[in-house]
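Contents: one structure, followed by commentary.
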Amino acid sequence: MKIIAANFKMNGDREFIDNWFQNFNADTENLVIVGLPPIYLESSVQNFNKSNIKIAGQNVSKFNNPGAYTGQMSSAMLNDVGVEFCIVGHSEAREHLCEDNESVYEKYNCLKSFSITPIVCIGESLEVREANNHLHFISDQIEKFSTNEDKIIFAYEPIWAIGSGLVPTQEEIEEMSSHIKSYFSQQVTVLYGGSVNSKNSSEILNMNNIDGVLVGGASLNAEEFANIAQS
Ligand code: 13P
């Protein structure tokens with residue numbers, strides 16, 4: 001079983017999401033996780049959560065206790081409405097919301113304390129890759145997790161591959177997933193994300209040490225995403 005995760009980012013509205021789930025053919029043995037904008041989480045959990053389809057948040061507060069954090073949403077709130085997975089550390093949140101490795105780790109711990117499974121996104125820029133610093137850069141991003149005993153889900157999403165149509169070579173993806181896994185004594189799950197579509201998904205899902213995919217743009221089309229989930 002692989003994990004086939006969608007990240008809608010800030011796309012869609014109520015009607016779009018209803019239509020998407022109506023058109024999505026969930027006939028797959030893989031676990032499908034759909035990351036939705038926060039305002040649609042509760043109704044989507046009620047209407048669309050199934051044993052092999054789970055609704056995910058796209059971000060969460062690093063603060064665990066209720067308090068004066070205007071505009072934020074806590075792990076307790078996600079748990080309250082039945083959300084079982086949540087993306088943290090996406091490069092777009094790192095860039096636009098100034099998140100760093102420390103806050104991503106805090107978010108991870110908040111989610112864990114409410115038994116929500118975090119999907120921790122990591123990935124280097126093109127500049128870092130071209131300077132051949134990518135392994136070192138990723139080590140920095142995962143270092144805080146290394147003493148952790150939990151089973152962790154990482155999504156390796158090179159920033160230069162997100163929304164660009166560029167996909168790293170098989171060797172590059174396998175090198176990175178082995179690098180990530182070698183950091184941990186326990187089993188960790190590594191998804192690949194960045195320009196995944198139904199044409200390249202089987203090749204990626206067949207790679208050594210890749211346990212699934214995290215899909216942005218191509219996930220917005222329910223038929224396309226079903227093809228990925230069934231590949
Ligand atoms: P794309 O699939 O659009 O490249 O986005 C990947 C991503 O950022 C998923 O979180």
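Letters for chains follow the order of the structure tokens (A, B, ...), residue numbers begin at 1 for each chain, and ligand numbers begin at 1 in the order shown.
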List every residue of region 2-178 of chain A that DSSP, applied to the backbone of this structure, places in strand (DSSP E), and write the result as an MDAnalysis selection string.
chainID A and resid 3:7 31:35 53:57 85:88 117:122 152:156
Just-selected residues, N, CA and C atoms written as a PDB file, in the first residue's frame:
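What follows is the written file result-v2.pdb:
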ATOM      1  N   ILE A   3       0.956   5.685  -0.150  1.00  0.00           N
ATOM      2  CA  ILE A   3       0.157   6.854   0.231  1.00  0.00           C
ATOM      3  C   ILE A   3       0.077   7.780  -0.977  1.00  0.00           C
ATOM      4  N   ILE A   4      -1.139   8.108  -1.355  1.00  0.00           N
ATOM      5  CA  ILE A   4      -1.340   9.022  -2.491  1.00  0.00           C
ATOM      6  C   ILE A   4      -2.026  10.253  -1.913  1.00  0.00           C
ATOM      7  N   ALA A   5      -1.262  11.325  -1.764  1.00  0.00           N
ATOM      8  CA  ALA A   5      -1.801  12.500  -1.075  1.00  0.00           C
ATOM      9  C   ALA A   5      -1.988  13.660  -2.046  1.00  0.00           C
ATOM     10  N   ALA A   6      -3.082  14.374  -1.849  1.00  0.00           N
ATOM     11  CA  ALA A   6      -3.381  15.576  -2.641  1.00  0.00           C
ATOM     12  C   ALA A   6      -3.198  16.796  -1.758  1.00  0.00           C
ATOM     13  N   ASN A   7      -2.702  17.848  -2.352  1.00  0.00           N
ATOM     14  CA  ASN A   7      -2.633  19.126  -1.653  1.00  0.00           C
ATOM     15  C   ASN A   7      -3.328  20.162  -2.529  1.00  0.00           C
ATOM     16  N   LEU A  31      -3.723   4.243   0.208  1.00  0.00           N
ATOM     17  CA  LEU A  31      -4.367   5.182   1.129  1.00  0.00           C
ATOM     18  C   LEU A  31      -4.360   6.566   0.483  1.00  0.00           C
ATOM     19  N   VAL A  32      -5.542   7.139   0.328  1.00  0.00           N
ATOM     20  CA  VAL A  32      -5.669   8.463  -0.297  1.00  0.00           C
ATOM     21  C   VAL A  32      -5.875   9.507   0.804  1.00  0.00           C
ATOM     22  N   ILE A  33      -5.080  10.566   0.745  1.00  0.00           N
ATOM     23  CA  ILE A  33      -5.193  11.651   1.731  1.00  0.00           C
ATOM     24  C   ILE A  33      -5.395  12.947   0.953  1.00  0.00           C
ATOM     25  N   VAL A  34      -6.415  13.713   1.335  1.00  0.00           N
ATOM     26  CA  VAL A  34      -6.720  14.933   0.573  1.00  0.00           C
ATOM     27  C   VAL A  34      -6.578  16.158   1.474  1.00  0.00           C
ATOM     28  N   GLY A  35      -5.588  16.980   1.189  1.00  0.00           N
ATOM     29  CA  GLY A  35      -5.306  18.177   1.980  1.00  0.00           C
ATOM     30  C   GLY A  35      -6.140  19.348   1.477  1.00  0.00           C
ATOM     31  N   ILE A  53      -9.883   6.869   2.412  1.00  0.00           N
ATOM     32  CA  ILE A  53      -9.771   8.289   2.006  1.00  0.00           C
ATOM     33  C   ILE A  53      -9.823   9.141   3.268  1.00  0.00           C
ATOM     34  N   LYS A  54      -8.775   9.892   3.495  1.00  0.00           N
ATOM     35  CA  LYS A  54      -8.702  10.707   4.709  1.00  0.00           C
ATOM     36  C   LYS A  54      -8.521  12.172   4.324  1.00  0.00           C
ATOM     37  N   ILE A  55      -9.160  13.037   5.097  1.00  0.00           N
ATOM     38  CA  ILE A  55      -9.052  14.480   4.871  1.00  0.00           C
ATOM     39  C   ILE A  55      -7.891  15.005   5.721  1.00  0.00           C
ATOM     40  N   ALA A  56      -7.094  15.890   5.136  1.00  0.00           N
ATOM     41  CA  ALA A  56      -5.937  16.429   5.857  1.00  0.00           C
ATOM     42  C   ALA A  56      -5.975  17.949   5.902  1.00  0.00           C
ATOM     43  N   GLY A  57      -5.437  18.491   6.993  1.00  0.00           N
ATOM     44  CA  GLY A  57      -5.190  19.928   7.054  1.00  0.00           C
ATOM     45  C   GLY A  57      -3.904  20.241   6.287  1.00  0.00           C
ATOM     46  N   PHE A  85      -4.952  13.701   9.577  1.00  0.00           N
ATOM     47  CA  PHE A  85      -3.628  13.977   8.989  1.00  0.00           C
ATOM     48  C   PHE A  85      -3.467  15.485   8.808  1.00  0.00           C
ATOM     49  N   CYS A  86      -2.229  15.946   8.828  1.00  0.00           N
ATOM     50  CA  CYS A  86      -2.004  17.371   8.548  1.00  0.00           C
ATOM     51  C   CYS A  86      -0.603  17.579   7.964  1.00  0.00           C
ATOM     52  N   ILE A  87      -0.543  18.328   6.898  1.00  0.00           N
ATOM     53  CA  ILE A  87       0.736  18.725   6.292  1.00  0.00           C
ATOM     54  C   ILE A  87       1.371  19.803   7.177  1.00  0.00           C
ATOM     55  N   VAL A  88       2.666  19.714   7.398  1.00  0.00           N
ATOM     56  CA  VAL A  88       3.396  20.827   8.037  1.00  0.00           C
ATOM     57  C   VAL A  88       4.709  21.066   7.287  1.00  0.00           C
ATOM     58  N   THR A 117      -1.714  12.532  12.411  1.00  0.00           N
ATOM     59  CA  THR A 117      -0.463  12.145  11.750  1.00  0.00           C
ATOM     60  C   THR A 117       0.074  13.308  10.921  1.00  0.00           C
ATOM     61  N   PRO A 118       1.264  13.820  11.280  1.00  0.00           N
ATOM     62  CA  PRO A 118       1.837  14.912  10.487  1.00  0.00           C
ATOM     63  C   PRO A 118       2.479  14.373   9.200  1.00  0.00           C
ATOM     64  N   ILE A 119       2.393  15.163   8.149  1.00  0.00           N
ATOM     65  CA  ILE A 119       3.150  14.892   6.919  1.00  0.00           C
ATOM     66  C   ILE A 119       4.136  16.053   6.815  1.00  0.00           C
ATOM     67  N   VAL A 120       5.398  15.774   7.094  1.00  0.00           N
ATOM     68  CA  VAL A 120       6.405  16.838   7.220  1.00  0.00           C
ATOM     69  C   VAL A 120       7.077  17.055   5.867  1.00  0.00           C
ATOM     70  N   CYS A 121       6.874  18.258   5.305  1.00  0.00           N
ATOM     71  CA  CYS A 121       7.470  18.551   3.992  1.00  0.00           C
ATOM     72  C   CYS A 121       8.877  19.115   4.161  1.00  0.00           C
ATOM     73  N   ILE A 122       9.760  18.636   3.309  1.00  0.00           N
ATOM     74  CA  ILE A 122      11.149  19.094   3.291  1.00  0.00           C
ATOM     75  C   ILE A 122      11.562  19.223   1.828  1.00  0.00           C
ATOM     76  N   ILE A 152       7.480   8.328  11.205  1.00  0.00           N
ATOM     77  CA  ILE A 152       7.294   9.676  10.656  1.00  0.00           C
ATOM     78  C   ILE A 152       6.993   9.597   9.156  1.00  0.00           C
ATOM     79  N   ILE A 153       6.134  10.498   8.692  1.00  0.00           N
ATOM     80  CA  ILE A 153       5.933  10.637   7.242  1.00  0.00           C
ATOM     81  C   ILE A 153       6.601  11.929   6.792  1.00  0.00           C
ATOM     82  N   PHE A 154       7.602  11.802   5.916  1.00  0.00           N
ATOM     83  CA  PHE A 154       8.201  12.972   5.285  1.00  0.00           C
ATOM     84  C   PHE A 154       7.710  13.038   3.840  1.00  0.00           C
ATOM     85  N   ALA A 155       7.548  14.266   3.352  1.00  0.00           N
ATOM     86  CA  ALA A 155       7.300  14.443   1.921  1.00  0.00           C
ATOM     87  C   ALA A 155       8.481  15.222   1.372  1.00  0.00           C
ATOM     88  N   TYR A 156       9.291  14.556   0.560  1.00  0.00           N
ATOM     89  CA  TYR A 156      10.429  15.234  -0.064  1.00  0.00           C
ATOM     90  C   TYR A 156       9.930  15.976  -1.296  1.00  0.00           C
TER      91      TYR A 156
END
Selection as a short mmCIF file (atom, residue, chain, number, x, y, z; two decimals) with all heavy atoms, in the first residue's frame: residues within 9 Å of ligand 1 by only C-alpha atoms and all ligand atoms:
data_model
loop_
_atom_site.label_atom_id
_atom_site.label_comp_id
_atom_site.auth_asym_id
_atom_site.auth_seq_id
_atom_site.Cartn_x
_atom_site.Cartn_y
_atom_site.Cartn_z
N ALA A 5 -1.26 11.33 -1.76
CA ALA A 5 -1.80 12.50 -1.07
C ALA A 5 -1.99 13.66 -2.05
O ALA A 5 -1.16 13.88 -2.94
CB ALA A 5 -0.86 12.91 0.06
N ALA A 6 -3.08 14.37 -1.85
CA ALA A 6 -3.38 15.58 -2.64
C ALA A 6 -3.20 16.80 -1.76
O ALA A 6 -3.51 16.75 -0.57
CB ALA A 6 -4.83 15.52 -3.13
N ASN A 7 -2.70 17.85 -2.35
CA ASN A 7 -2.63 19.13 -1.65
C ASN A 7 -3.33 20.16 -2.53
O ASN A 7 -2.77 20.58 -3.54
CB ASN A 7 -1.17 19.50 -1.39
CG ASN A 7 -1.04 20.84 -0.70
OD1 ASN A 7 -2.04 21.44 -0.31
ND2 ASN A 7 0.19 21.32 -0.56
N PHE A 8 -4.54 20.53 -2.13
CA PHE A 8 -5.30 21.49 -2.94
C PHE A 8 -4.74 22.91 -2.82
O PHE A 8 -5.13 23.79 -3.56
CB PHE A 8 -6.78 21.50 -2.51
CG PHE A 8 -7.62 20.40 -3.11
CD1 PHE A 8 -7.06 19.21 -3.54
CD2 PHE A 8 -8.99 20.55 -3.25
CE1 PHE A 8 -7.85 18.19 -4.10
CE2 PHE A 8 -9.80 19.56 -3.81
CZ PHE A 8 -9.22 18.37 -4.22
N LYS A 9 -3.88 23.13 -1.84
CA LYS A 9 -3.36 24.49 -1.55
C LYS A 9 -4.56 25.44 -1.40
O LYS A 9 -5.59 25.02 -0.89
CB LYS A 9 -2.37 24.91 -2.64
CG LYS A 9 -1.29 23.84 -2.86
CD LYS A 9 -0.15 24.26 -3.71
CE LYS A 9 0.85 23.11 -3.83
NZ LYS A 9 2.06 23.45 -4.56
N GLY A 35 -5.59 16.98 1.19
CA GLY A 35 -5.31 18.18 1.98
C GLY A 35 -6.14 19.35 1.48
O GLY A 35 -5.98 19.79 0.33
N GLN A 58 -3.71 21.51 5.97
CA GLN A 58 -2.49 21.92 5.24
C GLN A 58 -1.49 22.64 6.14
O GLN A 58 -0.37 22.91 5.73
CB GLN A 58 -2.85 22.84 4.08
CG GLN A 58 -3.72 22.20 3.03
CD GLN A 58 -4.11 23.20 1.94
OE1 GLN A 58 -3.65 24.33 1.91
NE2 GLN A 58 -4.98 22.77 1.05
N ILE A 87 -0.54 18.33 6.90
CA ILE A 87 0.74 18.73 6.29
C ILE A 87 1.37 19.80 7.18
O ILE A 87 0.67 20.70 7.66
CB ILE A 87 0.48 19.29 4.87
CG1 ILE A 87 -0.07 18.20 3.95
CG2 ILE A 87 1.73 19.95 4.30
CD1 ILE A 87 -0.62 18.74 2.62
N HIS A 90 5.37 22.85 4.65
CA HIS A 90 5.38 22.99 3.18
C HIS A 90 6.26 24.18 2.80
O HIS A 90 6.26 25.20 3.49
CB HIS A 90 3.95 23.17 2.66
CG HIS A 90 3.88 22.95 1.18
ND1 HIS A 90 4.30 23.91 0.27
CD2 HIS A 90 3.50 21.88 0.45
CE1 HIS A 90 4.15 23.43 -0.95
NE2 HIS A 90 3.67 22.20 -0.88
N SER A 91 6.95 24.06 1.69
CA SER A 91 7.88 25.15 1.32
C SER A 91 7.14 26.47 1.12
O SER A 91 7.70 27.55 1.35
CB SER A 91 8.67 24.78 0.06
OG SER A 91 7.79 24.52 -1.00
N GLU A 92 5.85 26.38 0.72
CA GLU A 92 5.10 27.63 0.55
C GLU A 92 4.78 28.27 1.90
O GLU A 92 4.72 29.50 2.01
CB GLU A 92 3.82 27.34 -0.26
CG GLU A 92 4.17 27.03 -1.72
CD GLU A 92 3.22 26.09 -2.43
OE1 GLU A 92 2.11 25.83 -1.93
OE2 GLU A 92 3.60 25.59 -3.52
N CYS A 121 6.87 18.26 5.30
CA CYS A 121 7.47 18.55 3.99
C CYS A 121 8.88 19.11 4.16
O CYS A 121 9.13 19.96 5.03
CB CYS A 121 6.62 19.57 3.24
SG CYS A 121 4.97 18.98 2.87
N ALA A 155 7.55 14.27 3.35
CA ALA A 155 7.30 14.44 1.92
C ALA A 155 8.48 15.22 1.37
O ALA A 155 8.67 16.40 1.72
CB ALA A 155 6.00 15.19 1.68
N GLU A 157 9.93 17.30 -1.20
CA GLU A 157 9.45 18.13 -2.30
C GLU A 157 10.51 19.17 -2.65
O GLU A 157 10.55 20.25 -2.04
CB GLU A 157 8.16 18.87 -1.88
CG GLU A 157 7.02 17.96 -1.47
CD GLU A 157 5.67 18.65 -1.65
OE1 GLU A 157 5.44 19.71 -1.06
OE2 GLU A 157 4.86 18.11 -2.40
N PRO A 158 11.37 18.86 -3.60
CA PRO A 158 12.35 19.87 -4.01
C PRO A 158 11.61 21.11 -4.50
O PRO A 158 10.69 20.99 -5.32
CB PRO A 158 13.12 19.19 -5.16
CG PRO A 158 12.57 17.82 -5.30
CD PRO A 158 11.38 17.67 -4.44
N ILE A 159 11.99 22.26 -4.00
CA ILE A 159 11.23 23.49 -4.32
C ILE A 159 11.22 23.74 -5.83
O ILE A 159 10.21 24.16 -6.39
CB ILE A 159 11.85 24.70 -3.55
CG1 ILE A 159 11.72 24.45 -2.05
CG2 ILE A 159 11.16 26.00 -3.93
CD1 ILE A 159 12.53 25.41 -1.18
N TRP A 160 12.32 23.40 -6.47
CA TRP A 160 12.44 23.65 -7.92
C TRP A 160 11.56 22.71 -8.74
O TRP A 160 11.37 22.93 -9.95
CB TRP A 160 13.91 23.53 -8.35
CG TRP A 160 14.60 22.29 -7.87
CD1 TRP A 160 15.19 22.10 -6.64
CD2 TRP A 160 14.75 21.05 -8.57
NE1 TRP A 160 15.70 20.84 -6.55
CE2 TRP A 160 15.46 20.17 -7.72
CE3 TRP A 160 14.38 20.60 -9.84
CZ2 TRP A 160 15.79 18.87 -8.09
CZ3 TRP A 160 14.72 19.31 -10.22
CH2 TRP A 160 15.41 18.46 -9.35
N ALA A 161 11.02 21.67 -8.12
CA ALA A 161 10.15 20.74 -8.85
C ALA A 161 8.68 21.06 -8.65
O ALA A 161 7.82 20.54 -9.36
CB ALA A 161 10.44 19.31 -8.41
N ILE A 162 8.38 21.93 -7.69
CA ILE A 162 6.97 22.23 -7.37
C ILE A 162 6.38 23.15 -8.43
O ILE A 162 6.88 24.26 -8.65
CB ILE A 162 6.83 22.87 -5.96
CG1 ILE A 162 7.27 21.87 -4.89
CG2 ILE A 162 5.41 23.33 -5.72
CD1 ILE A 162 7.25 22.42 -3.48
N GLY A 163 5.35 22.65 -9.11
CA GLY A 163 4.63 23.46 -10.09
C GLY A 163 5.44 23.84 -11.31
O GLY A 163 5.03 24.70 -12.09
N SER A 164 6.59 23.23 -11.50
CA SER A 164 7.50 23.65 -12.58
C SER A 164 7.50 22.69 -13.76
O SER A 164 8.02 23.02 -14.83
CB SER A 164 8.93 23.73 -12.03
OG SER A 164 9.35 22.43 -11.65
N GLY A 165 6.95 21.50 -13.57
CA GLY A 165 7.05 20.49 -14.62
C GLY A 165 8.39 19.76 -14.59
O GLY A 165 8.61 18.82 -15.36
N LEU A 166 9.29 20.17 -13.71
CA LEU A 166 10.58 19.50 -13.59
C LEU A 166 10.48 18.41 -12.52
O LEU A 166 9.95 18.66 -11.45
CB LEU A 166 11.67 20.48 -13.16
CG LEU A 166 11.97 21.65 -14.08
CD1 LEU A 166 12.94 22.62 -13.40
CD2 LEU A 166 12.56 21.14 -15.39
N VAL A 167 11.02 17.25 -12.84
CA VAL A 167 11.04 16.16 -11.85
C VAL A 167 12.48 15.68 -11.74
O VAL A 167 13.14 15.50 -12.76
CB VAL A 167 10.11 15.00 -12.29
CG1 VAL A 167 10.16 13.84 -11.31
CG2 VAL A 167 8.68 15.49 -12.44
N TYR A 192 7.24 11.41 -2.32
CA TYR A 192 7.87 12.38 -3.22
C TYR A 192 6.79 13.35 -3.70
O TYR A 192 5.67 12.92 -4.04
CB TYR A 192 8.52 11.69 -4.44
CG TYR A 192 8.86 12.74 -5.48
CD1 TYR A 192 9.98 13.56 -5.29
CD2 TYR A 192 7.99 13.03 -6.54
CE1 TYR A 192 10.24 14.61 -6.16
CE2 TYR A 192 8.24 14.08 -7.40
CZ TYR A 192 9.36 14.87 -7.21
OH TYR A 192 9.60 15.92 -8.04
N GLY A 193 7.12 14.63 -3.77
CA GLY A 193 6.20 15.63 -4.32
C GLY A 193 6.92 16.61 -5.21
O GLY A 193 8.08 16.98 -4.95
N GLY A 194 6.25 17.07 -6.25
CA GLY A 194 6.82 18.04 -7.18
C GLY A 194 6.54 17.61 -8.61
O GLY A 194 7.18 16.67 -9.11
N SER A 195 5.53 18.24 -9.24
CA SER A 195 5.17 17.95 -10.64
C SER A 195 4.81 16.50 -10.90
O SER A 195 5.08 15.97 -11.99
CB SER A 195 6.30 18.42 -11.58
OG SER A 195 6.46 19.83 -11.49
N VAL A 196 4.19 15.86 -9.92
CA VAL A 196 3.69 14.49 -10.14
C VAL A 196 2.39 14.58 -10.95
O VAL A 196 1.54 15.42 -10.69
CB VAL A 196 3.42 13.78 -8.79
CG1 VAL A 196 2.79 12.40 -9.04
CG2 VAL A 196 4.70 13.66 -7.98
N ASN A 197 2.27 13.71 -11.94
CA ASN A 197 1.02 13.61 -12.70
C ASN A 197 0.78 12.15 -13.08
O ASN A 197 1.59 11.28 -12.72
CB ASN A 197 1.05 14.53 -13.94
CG ASN A 197 2.24 14.21 -14.83
OD1 ASN A 197 2.55 13.04 -15.07
ND2 ASN A 197 2.93 15.25 -15.31
N VAL A 213 3.21 9.54 -2.96
CA VAL A 213 3.41 10.84 -3.61
C VAL A 213 2.52 11.90 -2.95
O VAL A 213 1.48 11.59 -2.37
CB VAL A 213 3.08 10.78 -5.13
CG1 VAL A 213 4.18 10.06 -5.90
CG2 VAL A 213 1.72 10.14 -5.40
N LEU A 214 2.97 13.14 -3.06
CA LEU A 214 2.16 14.29 -2.64
C LEU A 214 1.98 15.17 -3.87
O LEU A 214 2.96 15.64 -4.45
CB LEU A 214 2.88 15.05 -1.51
CG LEU A 214 2.20 16.31 -0.96
CD1 LEU A 214 0.78 16.06 -0.49
CD2 LEU A 214 3.02 16.90 0.20
N VAL A 215 0.73 15.35 -4.25
CA VAL A 215 0.43 15.94 -5.56
C VAL A 215 -0.29 17.28 -5.39
O VAL A 215 -1.30 17.35 -4.68
CB VAL A 215 -0.48 14.98 -6.37
CG1 VAL A 215 -0.63 15.47 -7.81
CG2 VAL A 215 0.06 13.55 -6.34
N GLY A 216 0.22 18.32 -6.04
CA GLY A 216 -0.42 19.63 -5.99
C GLY A 216 -1.34 19.82 -7.18
O GLY A 216 -2.46 19.30 -7.22
N GLY A 217 -0.86 20.51 -8.20
CA GLY A 217 -1.67 20.89 -9.36
C GLY A 217 -2.51 19.76 -9.94
O GLY A 217 -3.72 19.93 -10.18
N ALA A 218 -1.89 18.61 -10.17
CA ALA A 218 -2.61 17.51 -10.83
C ALA A 218 -3.69 16.90 -9.95
O ALA A 218 -4.57 16.20 -10.44
CB ALA A 218 -1.62 16.42 -11.27
N SER A 219 -3.66 17.20 -8.65
CA SER A 219 -4.68 16.62 -7.78
C SER A 219 -6.02 17.35 -7.91
O SER A 219 -7.06 16.84 -7.49
CB SER A 219 -4.22 16.65 -6.31
OG SER A 219 -4.25 17.96 -5.79
#
Which of these residues is nearest to Asn64 (chain A), using only C-alpha atoms: A:Glu42, A:Glu84, A:Glu106, A:Glu223?
A:Glu106
Please run DSSP on the backbone and report, as a count of residues only, all residues within region 13-121 of chain A that come out as alpha helix (DSSP H).
43
So what do you get for CA of Ala226 (chain A) versus CA of Gly212 (chain A), distance-wise?
14.0 Å
Leaving out region 96-105 of chain A and any residue of its chain fewer than 4 positions from it, which residues lie within 7 Å of it when counting only C-alpha atoms, given as a ChimeraX atom specification?
/A:62,88-89,92,109,141,144
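Reported to one decimal place, the separation of CA of Ser139 (chain A) from CA of Ser115 (chain A) is 25.6 Å.
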For Ser198 (chain A), work out the shell of residues within 7 Å, counting only C-alpha atoms and skipping chain neighbours fewer than 6 positions away, then give it as a list in words.
Glu224, Asn227 and Ile228 of chain A
Residues within 9 Å of Ser185 (chain A), only C-alpha atoms, excluding chain neighbours under 4 positions, as a list in words
Ser146, Thr147, Glu149 and Lys181 of chain A
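When only C-alpha atoms are used to measure the gap to Ser178 (chain A), the shortest distance among A:Asn208, A:Asn133, A:Asn23, A:Ser74 belongs to A:Asn208.
The residue set within 7 Å of Ile210 (chain A), counting only C-alpha atoms and dropping same-chain residues fewer than 4 places from it, reads Ser177, Val190, Leu191, Tyr192 and Leu205 of chain A.
Considering the residues A:Thr169, A:Glu95, A:Asn209, A:Pro66 and counting only C-alpha atoms, Ser125 (chain A) has its shortest atom-to-atom contact with A:Glu95.
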